[in-house]
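Enquirer: So that we are looking at the same thing, I have put the structure below in structure tokens.
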Amino acid sequence: MKFAVEIIYIIAAFLFIFGLKMLSSPATARRGNLLSAMGMLLAVIVTLLHRDILDFRWIVVGLIIGTVVGALAARWVAMTAMPGMVGLLNGSGGLASLLVAWEAYHRDRAPDAFTATTIVLSVIIGGVTFTGSVLAWAKLAERITGRPILFSGQQIVNGLLLAATVTGGMVYCLNPEANYPIFIALLVLALLLGITSVLPIGGADMPVVISLLNSYSGLAGCATGFVLKNNILIVTGSLVGASGLILTQIMCKAMNRSLANVLFSGFGAVVKKSVARAQGEVKPISAEDAYVILESARSVVFVPGYGLAVAQAQHAARELGELLEANGTEVRYAIHPVAGRMPGHMNVLLAEANIPYDQLFEMDAVNPVMDTVDVCIIVGANDVVNPAASEDKGSPIYGMPIIEAARARTVIVLKRSMAAGFAGIENHLFSKDNTRMLFGDAKASLQSLVAEFKSA
Amino acid sequence: MDTATLLTFLFFIFMLSMVLGCEIISKVPSTLHTPLMSGSNAISGITIVGALIAAGVAGDDTLSVVLGTMAVALATINVVGGYLVTDRMLAMFKKKEPKERK
């Protein structure tokens, strides 16, 4: 029996791996996710056959509550709120592994040294993941201020908390049987540590936090796997750990910042003044004139930013794109790795508006051909097209890879006002010679362009 | 199997799956990074396996029952919510339909 169970776990692990592999193309991704879900179902069913499980009442209660809450949340969450949703789901996973470890210790007060170590790891990582994720969600959803919260001596407080956690963990592991109070203290410390370590990080950096915490929760799963000597937990935990780490790396690279800088620098706490002031004047354009330019363009590249999603302008953008195509224009969407609120978020938002994924291009694919583009339309993006990133050494975003929109023949910027972007930095692109500003709400502007096309 | 052998074995599995994870994930195109994150997050809900055992063997101790049941509920939220939301996102990705040029 035990052997049969292990075999099923191996099959489940295979389904997870294969499911992730099918995510390498949008054409197979959905089936991949389904395979992975079937793996999970197999793992759950076979676990229920475990000989130690005697009482199913509470399992059923937990399963029903979880299924209802999870299904409703997945059904109702807005696509714009996806990063926060992933954060919350991740947080509940983290809390679950904390509780599993606590229960394991509560049931058997005298675990051996190795089990004690993994129990402590599960509790610490799970606790940090839980409070950290909830706080990251609160910052993203603007339930609390998105600006970094800094106070003097913060690093010292965090350092002390961390030191206390490590010391407490070691004391506990040396003699778990006598140290229930220390275990509880550790649990509280872990929850605190999650809060204090995310507080000084700005709202713009929350996606990095969420993906890092995702990787932690994977590693917490691994730790639990070592507690229960369970292979499948270890395999899946490390898959998740790896995916979180890679995505974290991608995001840091796209912002040209180190992980340490993201986590400890309090980036964006004060609005920094750029060294070089913008030169030249801003040239506004009317929708009619913008239409004339677009009408004769052979190739158009949209650069969407989060402002597009905020204005709910994806559908208007798709409509304009279709009209342009009908007019014989080549239409592409250039997507910066950190457009939106997490990697790939903008792709999801555009897919929601029925924009086919083969029109979406990565930054590195668009930049080399930017000189041949007639019109670059910037909708709600700001920092990711800011030439200061390559020209102004004093700029806080200097060195960040950008979409080089300025190299297109004409740049049309759809923008509500001249306000600075998420990072609080002035944008020189707006005053370049070939830039025209179409002021107003992004959705209204796109719709008036659509109307111009239709009336022509 | 004695403990040392078992541990070596478990660490070996850990190392292999870490390498495999990095290999597979780095092949995922940036278009799918958000579903990748929510999907892999759903997989991390595998803690549900531990939670089920915790809730099932809990017995009479009230705290154990509460901890186990909460763990099952939370892990289920992670699993069910994660897979459904990933599916909802992936269902939206469509290829361009071949259209005749006018």
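Order determines the names: the first chain of the structure tokens is A, the second B, and so forth; residues in each chain are numbered 1 upward, and ligands are numbered 1 upward as they are shown.
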Would you kindly return, as a ChimeraX atom specification, each protein, DNA or RNA residue with an atom no farther than 8 Å from any atom of B:Thr76, considering only C-alpha atoms and excluding same-chain residues fewer than 3 positions away?
Expert: /A:62-63,66-67,70 /B:45,48,72-73,79-81
Enquirer: Next, write the just-selected residues to a file, as a PDB file, in the first residue's frame, keeping N, CA and C atoms as the atom set.
Expert:
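Heads up, here's the output in again-v8.pdb:
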ATOM      1  N   GLY A  62     -12.751  21.634   6.301  1.00  0.00           N
ATOM      2  CA  GLY A  62     -11.678  22.481   5.754  1.00  0.00           C
ATOM      3  C   GLY A  62     -11.717  22.536   4.239  1.00  0.00           C
ATOM      4  N   LEU A  63     -11.923  21.383   3.608  1.00  0.00           N
ATOM      5  CA  LEU A  63     -11.939  21.338   2.143  1.00  0.00           C
ATOM      6  C   LEU A  63     -13.081  22.184   1.581  1.00  0.00           C
ATOM      7  N   GLY A  66     -12.345  25.963   2.107  1.00  0.00           N
ATOM      8  CA  GLY A  66     -11.277  26.390   1.205  1.00  0.00           C
ATOM      9  C   GLY A  66     -11.721  26.450  -0.241  1.00  0.00           C
ATOM     10  N   THR A  67     -12.491  25.432  -0.666  1.00  0.00           N
ATOM     11  CA  THR A  67     -12.921  25.403  -2.055  1.00  0.00           C
ATOM     12  C   THR A  67     -13.836  26.575  -2.380  1.00  0.00           C
ATOM     13  N   GLY A  70     -11.777  29.893  -2.222  1.00  0.00           N
ATOM     14  CA  GLY A  70     -10.828  29.952  -3.337  1.00  0.00           C
ATOM     15  C   GLY A  70     -11.524  30.158  -4.667  1.00  0.00           C
TER      16      GLY A  70
ATOM     17  N   GLY B  45       0.664  25.017  -3.094  1.00  0.00           N
ATOM     18  CA  GLY B  45      -0.401  24.601  -2.193  1.00  0.00           C
ATOM     19  C   GLY B  45      -0.341  23.110  -1.881  1.00  0.00           C
ATOM     20  N   ILE B  48      -1.051  21.113   1.178  1.00  0.00           N
ATOM     21  CA  ILE B  48      -2.339  20.505   1.499  1.00  0.00           C
ATOM     22  C   ILE B  48      -2.154  19.042   1.903  1.00  0.00           C
ATOM     23  N   VAL B  72      -5.974  22.908   6.456  1.00  0.00           N
ATOM     24  CA  VAL B  72      -6.630  22.339   5.270  1.00  0.00           C
ATOM     25  C   VAL B  72      -7.365  23.436   4.507  1.00  0.00           C
ATOM     26  N   ALA B  73      -8.133  24.272   5.241  1.00  0.00           N
ATOM     27  CA  ALA B  73      -8.910  25.322   4.576  1.00  0.00           C
ATOM     28  C   ALA B  73      -7.978  26.267   3.820  1.00  0.00           C
ATOM     29  N   VAL B  79      -4.747  26.199  -3.332  1.00  0.00           N
ATOM     30  CA  VAL B  79      -4.788  25.282  -4.476  1.00  0.00           C
ATOM     31  C   VAL B  79      -5.920  25.634  -5.440  1.00  0.00           C
ATOM     32  N   VAL B  80      -7.139  25.683  -4.902  1.00  0.00           N
ATOM     33  CA  VAL B  80      -8.316  25.896  -5.756  1.00  0.00           C
ATOM     34  C   VAL B  80      -8.260  27.280  -6.399  1.00  0.00           C
ATOM     35  N   GLY B  81      -8.032  28.310  -5.563  1.00  0.00           N
ATOM     36  CA  GLY B  81      -7.951  29.674  -6.088  1.00  0.00           C
ATOM     37  C   GLY B  81      -6.849  29.795  -7.120  1.00  0.00           C
TER      38      GLY B  81
END
Enquirer: Quick one: residues within 6 Å of stretch 441-445 of chain A, only C-alpha atoms, excluding same-chain residues fewer than 5 positions away - as a PDB file with N, CA and C atoms, in the first residue's frame?
Expert:
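After the write, result-v2.pdb holds the following:
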ATOM      1  N   ALA A 311      -7.179  53.147 -16.525  1.00  0.00           N
ATOM      2  CA  ALA A 311      -8.222  53.848 -17.269  1.00  0.00           C
ATOM      3  C   ALA A 311      -9.175  52.862 -17.949  1.00  0.00           C
ATOM      4  N   ALA A 313      -8.655  51.066 -20.490  1.00  0.00           N
ATOM      5  CA  ALA A 313      -8.626  51.464 -21.894  1.00  0.00           C
ATOM      6  C   ALA A 313      -8.174  50.337 -22.817  1.00  0.00           C
ATOM      7  N   LEU A 414      -0.252  59.572 -24.795  1.00  0.00           N
ATOM      8  CA  LEU A 414      -1.573  59.789 -24.211  1.00  0.00           C
ATOM      9  C   LEU A 414      -1.399  59.914 -22.707  1.00  0.00           C
ATOM     10  N   ARG A 416      -2.788  62.064 -18.941  1.00  0.00           N
ATOM     11  CA  ARG A 416      -3.775  62.925 -18.318  1.00  0.00           C
ATOM     12  C   ARG A 416      -3.189  64.322 -18.055  1.00  0.00           C
TER      13      ARG A 416
END
Enquirer: To test your reading of the structure, identify every residue in stretch 80-295 of chain A that backbone DSSP assigns to helix (DSSP H, G or I), and report it as number ranges by chain.
Expert: A: 80-107, 113-140, 154-174, 176-178, 180-198, 203-228, 231-254, 259-264, 287-295
Enquirer: Can you pull out every residue within 10 Å of stretch 13-30 of chain B, counting only C-alpha atoms, but drop anything in the same chain fewer than 2 positions away, and send it as JSON, numbers by chain?
Expert: {"A": [17, 18, 20, 21, 22, 23, 24, 25, 26, 29, 222, 225, 226, 231, 232, 233, 234, 235, 236, 237, 238, 239, 240, 241, 242, 243, 244, 245, 246, 247, 250, 335, 336, 337, 343, 344, 345, 347, 361, 362], "B": [7, 8, 9, 10, 11, 32, 33, 34, 36, 40]}
Enquirer: Output N, CA and C atoms for every residue in the selection just made, as a short mmCIF file (atom, residue, chain, number, x, y, z; two decimals), in the first residue's frame.
Expert:
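The resulting file, part.cif, is reproduced below:
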data_model
loop_
_atom_site.label_atom_id
_atom_site.label_comp_id
_atom_site.auth_asym_id
_atom_site.auth_seq_id
_atom_site.Cartn_x
_atom_site.Cartn_y
_atom_site.Cartn_z
N ILE A 17 5.58 18.73 -13.19
CA ILE A 17 6.72 19.11 -14.01
C ILE A 17 6.31 19.28 -15.47
N PHE A 18 5.52 18.30 -15.94
CA PHE A 18 5.10 18.36 -17.33
C PHE A 18 4.17 19.54 -17.56
N LEU A 20 4.19 22.39 -15.99
CA LEU A 20 5.01 23.61 -16.06
C LEU A 20 5.71 23.70 -17.40
N LYS A 21 6.13 22.55 -17.90
CA LYS A 21 6.82 22.55 -19.19
C LYS A 21 5.89 23.04 -20.30
N MET A 22 4.61 22.66 -20.21
CA MET A 22 3.65 23.08 -21.24
C MET A 22 3.34 24.58 -21.16
N LEU A 23 3.76 25.21 -20.07
CA LEU A 23 3.60 26.66 -19.97
C LEU A 23 4.58 27.40 -20.88
N SER A 24 5.44 26.66 -21.59
CA SER A 24 6.43 27.35 -22.42
C SER A 24 5.81 27.88 -23.71
N SER A 25 4.55 27.58 -23.97
CA SER A 25 3.89 28.19 -25.13
C SER A 25 2.43 28.50 -24.77
N PRO A 26 1.94 29.68 -25.20
CA PRO A 26 0.56 30.03 -24.88
C PRO A 26 -0.43 29.02 -25.46
N ALA A 29 -0.43 26.12 -22.85
CA ALA A 29 -0.37 26.49 -21.43
C ALA A 29 -1.60 26.06 -20.65
N CYS A 222 9.27 22.71 0.87
CA CYS A 222 10.40 21.77 0.94
C CYS A 222 10.70 21.38 2.38
N GLY A 225 8.34 19.08 3.63
CA GLY A 225 8.61 17.78 3.03
C GLY A 225 9.68 17.02 3.80
N PHE A 226 10.69 17.76 4.25
CA PHE A 226 11.73 17.11 5.06
C PHE A 226 11.16 16.68 6.41
N ASN A 231 8.50 13.00 -0.37
CA ASN A 231 9.17 13.40 -1.61
C ASN A 231 8.43 14.46 -2.41
N ILE A 232 7.11 14.30 -2.51
CA ILE A 232 6.39 15.17 -3.42
C ILE A 232 6.44 16.62 -2.94
N LEU A 233 6.43 16.81 -1.63
CA LEU A 233 6.55 18.16 -1.09
C LEU A 233 7.89 18.76 -1.49
N ILE A 234 8.93 17.94 -1.44
CA ILE A 234 10.26 18.44 -1.76
C ILE A 234 10.36 18.81 -3.24
N VAL A 235 9.85 17.93 -4.10
CA VAL A 235 9.93 18.19 -5.54
C VAL A 235 9.17 19.47 -5.90
N THR A 236 7.91 19.53 -5.48
CA THR A 236 7.10 20.70 -5.86
C THR A 236 7.62 21.95 -5.20
N GLY A 237 8.00 21.84 -3.93
CA GLY A 237 8.54 23.00 -3.23
C GLY A 237 9.72 23.59 -3.99
N SER A 238 10.60 22.73 -4.48
CA SER A 238 11.76 23.30 -5.16
C SER A 238 11.40 23.84 -6.54
N LEU A 239 10.40 23.25 -7.21
CA LEU A 239 9.94 23.83 -8.49
C LEU A 239 9.46 25.26 -8.26
N VAL A 240 8.63 25.42 -7.23
CA VAL A 240 8.08 26.74 -6.93
C VAL A 240 9.18 27.69 -6.48
N GLY A 241 10.07 27.18 -5.64
CA GLY A 241 11.20 27.99 -5.19
C GLY A 241 11.99 28.51 -6.38
N ALA A 242 12.26 27.63 -7.34
CA ALA A 242 13.03 28.03 -8.52
C ALA A 242 12.27 29.08 -9.32
N SER A 243 10.94 28.88 -9.51
CA SER A 243 10.21 29.84 -10.35
C SER A 243 10.19 31.21 -9.68
N GLY A 244 10.00 31.24 -8.37
CA GLY A 244 10.02 32.53 -7.66
C GLY A 244 11.35 33.22 -7.80
N LEU A 245 12.44 32.45 -7.64
CA LEU A 245 13.77 33.05 -7.72
C LEU A 245 14.04 33.62 -9.10
N ILE A 246 13.66 32.86 -10.14
CA ILE A 246 13.93 33.31 -11.51
C ILE A 246 13.14 34.58 -11.82
N LEU A 247 11.86 34.60 -11.43
CA LEU A 247 11.05 35.79 -11.70
C LEU A 247 11.57 37.00 -10.93
N ILE A 250 14.47 38.28 -12.86
CA ILE A 250 14.06 38.96 -14.09
C ILE A 250 13.61 40.39 -13.77
N ILE A 335 6.01 45.45 -24.96
CA ILE A 335 5.76 45.27 -23.53
C ILE A 335 7.05 45.22 -22.74
N HIS A 336 7.20 46.16 -21.85
CA HIS A 336 8.37 46.20 -20.97
C HIS A 336 8.22 45.11 -19.90
N PRO A 337 9.34 44.49 -19.51
CA PRO A 337 9.22 43.41 -18.51
C PRO A 337 8.52 43.83 -17.22
N PRO A 343 5.63 40.77 -13.68
CA PRO A 343 6.06 40.37 -15.01
C PRO A 343 4.91 39.66 -15.73
N GLY A 344 4.67 40.07 -16.96
CA GLY A 344 3.62 39.43 -17.74
C GLY A 344 2.21 39.91 -17.43
N HIS A 345 2.10 40.84 -16.49
CA HIS A 345 0.77 41.32 -16.09
C HIS A 345 0.09 42.03 -17.27
N ASN A 347 0.52 41.56 -20.39
CA ASN A 347 0.08 40.59 -21.40
C ASN A 347 -1.29 40.04 -21.05
N PHE A 361 4.98 42.04 -28.25
CA PHE A 361 6.42 41.85 -28.42
C PHE A 361 7.18 42.28 -27.18
N GLU A 362 8.25 41.56 -26.91
CA GLU A 362 9.09 41.94 -25.78
C GLU A 362 9.93 43.15 -26.14
N LEU B 7 18.05 10.89 4.51
CA LEU B 7 18.31 12.33 4.34
C LEU B 7 19.10 12.61 3.08
N THR B 8 20.14 11.81 2.87
CA THR B 8 20.94 11.99 1.65
C THR B 8 20.05 11.90 0.44
N PHE B 9 19.17 10.89 0.48
CA PHE B 9 18.25 10.65 -0.61
C PHE B 9 17.34 11.88 -0.83
N LEU B 10 16.78 12.40 0.28
CA LEU B 10 15.88 13.54 0.18
C LEU B 10 16.60 14.77 -0.35
N PHE B 11 17.82 14.99 0.12
CA PHE B 11 18.58 16.15 -0.36
C PHE B 11 18.94 16.01 -1.84
N LEU B 32 3.89 34.78 -20.50
CA LEU B 32 3.15 33.92 -19.58
C LEU B 32 3.67 34.00 -18.15
N HIS B 33 4.42 35.04 -17.83
CA HIS B 33 5.02 35.07 -16.49
C HIS B 33 4.01 35.23 -15.37
N THR B 34 2.93 35.98 -15.63
CA THR B 34 1.93 36.11 -14.57
C THR B 34 1.19 34.79 -14.31
N LEU B 36 2.36 31.96 -14.91
CA LEU B 36 3.39 31.08 -14.34
C LEU B 36 3.46 31.27 -12.84
N SER B 40 2.44 28.31 -10.44
CA SER B 40 3.42 27.66 -9.56
C SER B 40 3.02 27.89 -8.11
#
Enquirer: As a PDB file with N, CA and C atoms, in the first residue's frame, please: all residues of stretch 305-414 of chain A that backbone DSSP puts in strand (DSSP E or B).
Expert:
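Writing done, so here's part.pdb:
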ATOM      1  N   GLU A 330       0.794  48.040 -39.938  1.00  0.00           N
ATOM      2  CA  GLU A 330       1.285  46.958 -39.088  1.00  0.00           C
ATOM      3  C   GLU A 330       1.202  47.407 -37.628  1.00  0.00           C
ATOM      4  N   VAL A 331       0.509  46.617 -36.798  1.00  0.00           N
ATOM      5  CA  VAL A 331       0.308  47.013 -35.402  1.00  0.00           C
ATOM      6  C   VAL A 331       1.032  46.053 -34.469  1.00  0.00           C
ATOM      7  N   ARG A 332       1.814  46.624 -33.562  1.00  0.00           N
ATOM      8  CA  ARG A 332       2.483  45.804 -32.555  1.00  0.00           C
ATOM      9  C   ARG A 332       2.322  46.427 -31.181  1.00  0.00           C
ATOM     10  N   TYR A 333       2.414  45.614 -30.175  1.00  0.00           N
ATOM     11  CA  TYR A 333       2.389  46.115 -28.804  1.00  0.00           C
ATOM     12  C   TYR A 333       3.737  45.790 -28.174  1.00  0.00           C
ATOM     13  N   ALA A 334       4.421  46.805 -27.677  1.00  0.00           N
ATOM     14  CA  ALA A 334       5.731  46.578 -27.066  1.00  0.00           C
ATOM     15  C   ALA A 334       5.564  46.539 -25.553  1.00  0.00           C
ATOM     16  N   ILE A 335       6.008  45.454 -24.962  1.00  0.00           N
ATOM     17  CA  ILE A 335       5.756  45.275 -23.535  1.00  0.00           C
ATOM     18  C   ILE A 335       7.052  45.217 -22.742  1.00  0.00           C
ATOM     19  N   LEU A 360       1.950  40.788 -29.383  1.00  0.00           N
ATOM     20  CA  LEU A 360       2.667  41.315 -28.219  1.00  0.00           C
ATOM     21  C   LEU A 360       4.155  41.009 -28.366  1.00  0.00           C
ATOM     22  N   PHE A 361       4.984  42.044 -28.253  1.00  0.00           N
ATOM     23  CA  PHE A 361       6.415  41.851 -28.416  1.00  0.00           C
ATOM     24  C   PHE A 361       7.180  42.283 -27.182  1.00  0.00           C
ATOM     25  N   GLU A 362       8.254  41.563 -26.906  1.00  0.00           N
ATOM     26  CA  GLU A 362       9.092  41.942 -25.780  1.00  0.00           C
ATOM     27  C   GLU A 362       9.934  43.150 -26.139  1.00  0.00           C
ATOM     28  N   VAL A 375       4.889  55.476 -36.006  1.00  0.00           N
ATOM     29  CA  VAL A 375       4.293  56.121 -34.841  1.00  0.00           C
ATOM     30  C   VAL A 375       4.364  55.191 -33.640  1.00  0.00           C
ATOM     31  N   CYS A 376       4.808  55.737 -32.525  1.00  0.00           N
ATOM     32  CA  CYS A 376       4.814  54.988 -31.286  1.00  0.00           C
ATOM     33  C   CYS A 376       3.789  55.652 -30.366  1.00  0.00           C
ATOM     34  N   ILE A 377       2.758  54.911 -29.998  1.00  0.00           N
ATOM     35  CA  ILE A 377       1.722  55.484 -29.134  1.00  0.00           C
ATOM     36  C   ILE A 377       1.947  55.009 -27.707  1.00  0.00           C
ATOM     37  N   ILE A 378       2.157  55.944 -26.813  1.00  0.00           N
ATOM     38  CA  ILE A 378       2.427  55.573 -25.428  1.00  0.00           C
ATOM     39  C   ILE A 378       1.165  55.787 -24.605  1.00  0.00           C
ATOM     40  N   VAL A 379       0.644  54.692 -24.084  1.00  0.00           N
ATOM     41  CA  VAL A 379      -0.602  54.799 -23.322  1.00  0.00           C
ATOM     42  C   VAL A 379      -0.348  54.436 -21.874  1.00  0.00           C
ATOM     43  N   THR A 410       7.559  59.387 -35.056  1.00  0.00           N
ATOM     44  CA  THR A 410       6.719  60.267 -34.251  1.00  0.00           C
ATOM     45  C   THR A 410       6.299  59.523 -32.985  1.00  0.00           C
ATOM     46  N   VAL A 411       6.271  60.218 -31.879  1.00  0.00           N
ATOM     47  CA  VAL A 411       5.802  59.624 -30.634  1.00  0.00           C
ATOM     48  C   VAL A 411       4.546  60.376 -30.208  1.00  0.00           C
ATOM     49  N   ILE A 412       3.477  59.646 -29.967  1.00  0.00           N
ATOM     50  CA  ILE A 412       2.270  60.292 -29.438  1.00  0.00           C
ATOM     51  C   ILE A 412       2.059  59.764 -28.029  1.00  0.00           C
ATOM     52  N   VAL A 413       2.043  60.676 -27.078  1.00  0.00           N
ATOM     53  CA  VAL A 413       1.891  60.263 -25.685  1.00  0.00           C
ATOM     54  C   VAL A 413       0.484  60.594 -25.208  1.00  0.00           C
ATOM     55  N   LEU A 414      -0.252  59.572 -24.795  1.00  0.00           N
ATOM     56  CA  LEU A 414      -1.573  59.789 -24.211  1.00  0.00           C
ATOM     57  C   LEU A 414      -1.399  59.914 -22.707  1.00  0.00           C
TER      58      LEU A 414
END
Enquirer: Quick one, how far is atom CA of A:Gly203 from atom CA of A:Gly94?
Expert: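 Pair atom CA of A:Gly203 / atom CA of A:Gly94 returns 21.1 Å.
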Enquirer: Can you work out the spacing between atom CA of A:Ala141 and atom CA of A:Pro356 in Å, to one decimal?
Expert: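 Separation between atom CA of A:Ala141 and atom CA of A:Pro356: 28.3 Å.
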Enquirer: Could you list, as JSON, numbers by chain, every residue within 10 Å of B:Met70, counting only C-alpha atoms and ignoring same-chain residues fewer than 2 positions away?
Expert: {"A": [58, 59, 61, 62, 63, 65, 66, 95, 96, 99, 100], "B": [51, 55, 64, 65, 66, 67, 68, 72, 73, 74, 75, 76]}
Enquirer: For atom CA of B:Thr47 and atom CA of A:Ala43, quote the distance in Å rounded to one decimal.
Expert: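 Interatomic distance, atom CA of B:Thr47 to atom CA of A:Ala43: 10.6 Å.
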Enquirer: Check the smallest atom-to-atom distance from each of B:Leu63, B:Val57, B:Val85, B:Ala91 to B:Met37 using only C-alpha atoms, then report the winner.
Expert: B:Val85
Enquirer: Would you mind listing what lies within 9 Å of stretch 165-178 of chain A as a list in words, with only C-alpha atoms counted and same-chain residues fewer than 4 positions away left out?
Expert: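 Neighbouring residues, sequence-local ones excluded: Tyr105, Asp108, Arg109, Ala110, Pro111, Asp112, Ala113, Phe114, Thr115, Ala116, Thr117, Val120, Leu121, Ile124, Leu160, Leu161, Ile182, Phe183, Ala185, Leu186, Leu187, Leu189, Ala190 and Leu193 of chain A.
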